[in-house]
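Visitor: There's a structure below that I have some questions on.
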Amino acid sequence: MTLMGVRSTVPDTGLVAVLVENGGPGMLAIPVGARDGLLLSAPEWSRGPSWAPFLSACVDAFGSAVLRVVLDVDADGGICAVAVLEADTPSSSTAVACAPSDALVLARALSVPIFATGALLRLRGIDLGEEALQRRLRQWRQALDDVVPGDTAPL
């Protein structure tokens, strides 16, 4: 998944980080708080959170590293996340639970990939490749193609 940006939703519900599936039509909106939204939307990452390098140093001290973050859904359908730490063998990697917004901040701070499970994409994802959306986009393109430059009203 690639972080595309942070957007405001309905005023009562706050901010969401918008993630798009690499090479696919899926999109996710992950709720984030104001602090994390500001960090994730900053164009330059010069002043990232102080806790991310500290966490990375602690993990390094134990001879491991953060490999990736994985977004998932819990048994109740809520969004959850883990940071996956390397181990001696890939099959014995350790998953450390964290808040989804913290996982996104950590991924950005450490430049590690973000993954989303199939269950999360099925339950919470928006399929940008769905037929209805594609049909609507074709209609908009057709309408724009049919516009004659002289038909527009002056501002």
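So you can find residues: chains in the structure tokens are A, B, ... in the order shown, residues in each start at 1, and ligands are numbered from 1 in order.
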Got a sec: who's within 12 Å of Ala34 (chain A), counting only C-alpha atoms, leaving out chain neighbours fewer than 2 positions off, as JSON, numbers by chain?

Guide: {"A": [6, 7, 8, 13, 14, 15, 16, 17, 31, 32, 36, 37, 38, 39, 40, 41, 101]}

Visitor: Pick out each residue of region 33-98 of chain A that DSSP on the backbone tags as strand (DSSP E or B); I need them as a short mmCIF file (atom, residue, chain, number, x, y, z; two decimals) with N, CA and C atoms, in the first residue's frame.

Guide:
```cif
data_model
loop_
_atom_site.label_atom_id
_atom_site.label_comp_id
_atom_site.auth_asym_id
_atom_site.auth_seq_id
_atom_site.Cartn_x
_atom_site.Cartn_y
_atom_site.Cartn_z
N VAL A 66 12.60 -3.60 12.18
CA VAL A 66 11.21 -3.55 11.73
C VAL A 66 11.22 -3.79 10.22
N LEU A 67 10.52 -4.84 9.78
CA LEU A 67 10.49 -5.20 8.36
C LEU A 67 9.37 -4.52 7.60
N ARG A 68 8.20 -4.44 8.23
CA ARG A 68 7.01 -3.90 7.56
C ARG A 68 5.93 -3.69 8.61
N VAL A 69 4.88 -2.99 8.22
CA VAL A 69 3.69 -2.91 9.05
C VAL A 69 2.54 -3.55 8.26
N VAL A 70 1.66 -4.18 8.99
CA VAL A 70 0.53 -4.87 8.36
C VAL A 70 -0.76 -4.37 9.00
N LEU A 71 -1.67 -3.91 8.15
CA LEU A 71 -3.00 -3.48 8.59
C LEU A 71 -3.95 -4.64 8.40
N ASP A 72 -4.85 -4.83 9.36
CA ASP A 72 -5.76 -5.97 9.34
C ASP A 72 -7.07 -5.57 10.00
N VAL A 73 -7.99 -6.51 10.12
CA VAL A 73 -9.22 -6.31 10.87
C VAL A 73 -9.26 -7.31 12.01
N ILE A 79 -10.33 -1.93 12.57
CA ILE A 79 -9.00 -1.92 11.97
C ILE A 79 -7.94 -2.06 13.06
N CYS A 80 -6.98 -2.94 12.83
CA CYS A 80 -5.87 -3.13 13.76
C CYS A 80 -4.58 -3.20 12.95
N ALA A 81 -3.44 -3.19 13.63
CA ALA A 81 -2.16 -3.20 12.93
C ALA A 81 -1.10 -3.89 13.76
N VAL A 82 -0.06 -4.34 13.07
CA VAL A 82 1.12 -4.90 13.72
C VAL A 82 2.36 -4.40 13.00
N ALA A 83 3.44 -4.29 13.76
CA ALA A 83 4.76 -4.05 13.19
C ALA A 83 5.46 -5.40 13.21
N VAL A 84 5.95 -5.83 12.06
CA VAL A 84 6.59 -7.14 11.95
C VAL A 84 8.10 -6.96 12.10
N LEU A 85 8.66 -7.67 13.10
CA LEU A 85 10.09 -7.61 13.38
C LEU A 85 10.76 -8.85 12.81
N THR A 94 8.31 -11.81 14.45
CA THR A 94 7.48 -11.40 15.57
C THR A 94 6.59 -10.24 15.16
N ALA A 95 5.30 -10.35 15.47
CA ALA A 95 4.35 -9.28 15.18
C ALA A 95 4.02 -8.55 16.48
N VAL A 96 4.25 -7.25 16.50
CA VAL A 96 3.98 -6.43 17.68
C VAL A 96 2.77 -5.56 17.38
N ALA A 97 1.72 -5.72 18.19
CA ALA A 97 0.49 -4.95 17.97
C ALA A 97 0.73 -3.46 18.20
N CYS A 98 0.07 -2.65 17.39
CA CYS A 98 0.14 -1.20 17.55
C CYS A 98 -1.12 -0.57 16.95
#
```

Visitor: So, counting only C-alpha atoms, which residue among A:Pro53, A:Gly125, A:Gly78, A:Gly5 is closest to Pro100 (chain A)?

Guide: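 Going through A:Pro53, A:Gly125, A:Gly78, A:Gly5 one by one, the smallest distance to Pro100 (chain A) is for A:Gly78.
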
Visitor: Expressed in Å to a single decimal, how great is the separation between CA of Ala116 (chain A) and CA of Gly26 (chain A)?

Guide: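 Distance between the two atoms: 10.0 Å.
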
Visitor: Which residue gives the smallest distance to Ser111 (chain A) among A:Ser91, A:Ser64, A:Asn22, A:Ser56, with only C-alpha atoms counted?

Guide: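 Of the candidates, the smallest distance to Ser111 (chain A) is held by A:Ser56.
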
Visitor: Nearest to Met27 (chain A) among A:Ala61, A:Ala143, A:Ala107, A:Leu121, with distances taken over only C-alpha atoms: which residue is it?

Guide: A:Leu121

Visitor: Taking only C-alpha atoms into account, which of A:Ile126, A:Val18, A:Leu106, A:Ala99 comes nearest Ile30 (chain A)?

Guide: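 Of the candidates, the smallest distance to Ile30 (chain A) is held by A:Val18.
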
Visitor: May I ask which of the residues A:Glu86, A:Pro43, A:Val112, A:Gly48 is the closest one to Gly63 (chain A), counting only C-alpha atoms?

Guide: A:Glu86

Visitor: Please, which residues of region 10-101 of chain A, numbered as in this document, come out helix (DSSP H, G or I) from DSSP, as a list of chain:residue names?

Guide: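 The residues of region 10-101 of chain A classed as helix (DSSP H, G or I) are A:Ala34, A:Arg35, A:Asp36, A:Gly37, A:Leu38, A:Leu39, A:Leu40, A:Ser41, A:Trp51, A:Ala52, A:Pro53, A:Phe54, A:Leu55, A:Ser56, A:Ala57, A:Cys58, A:Val59, A:Asp60, A:Ala61, A:Pro90, A:Ser91, A:Ser92, A:Pro100, A:Ser101.
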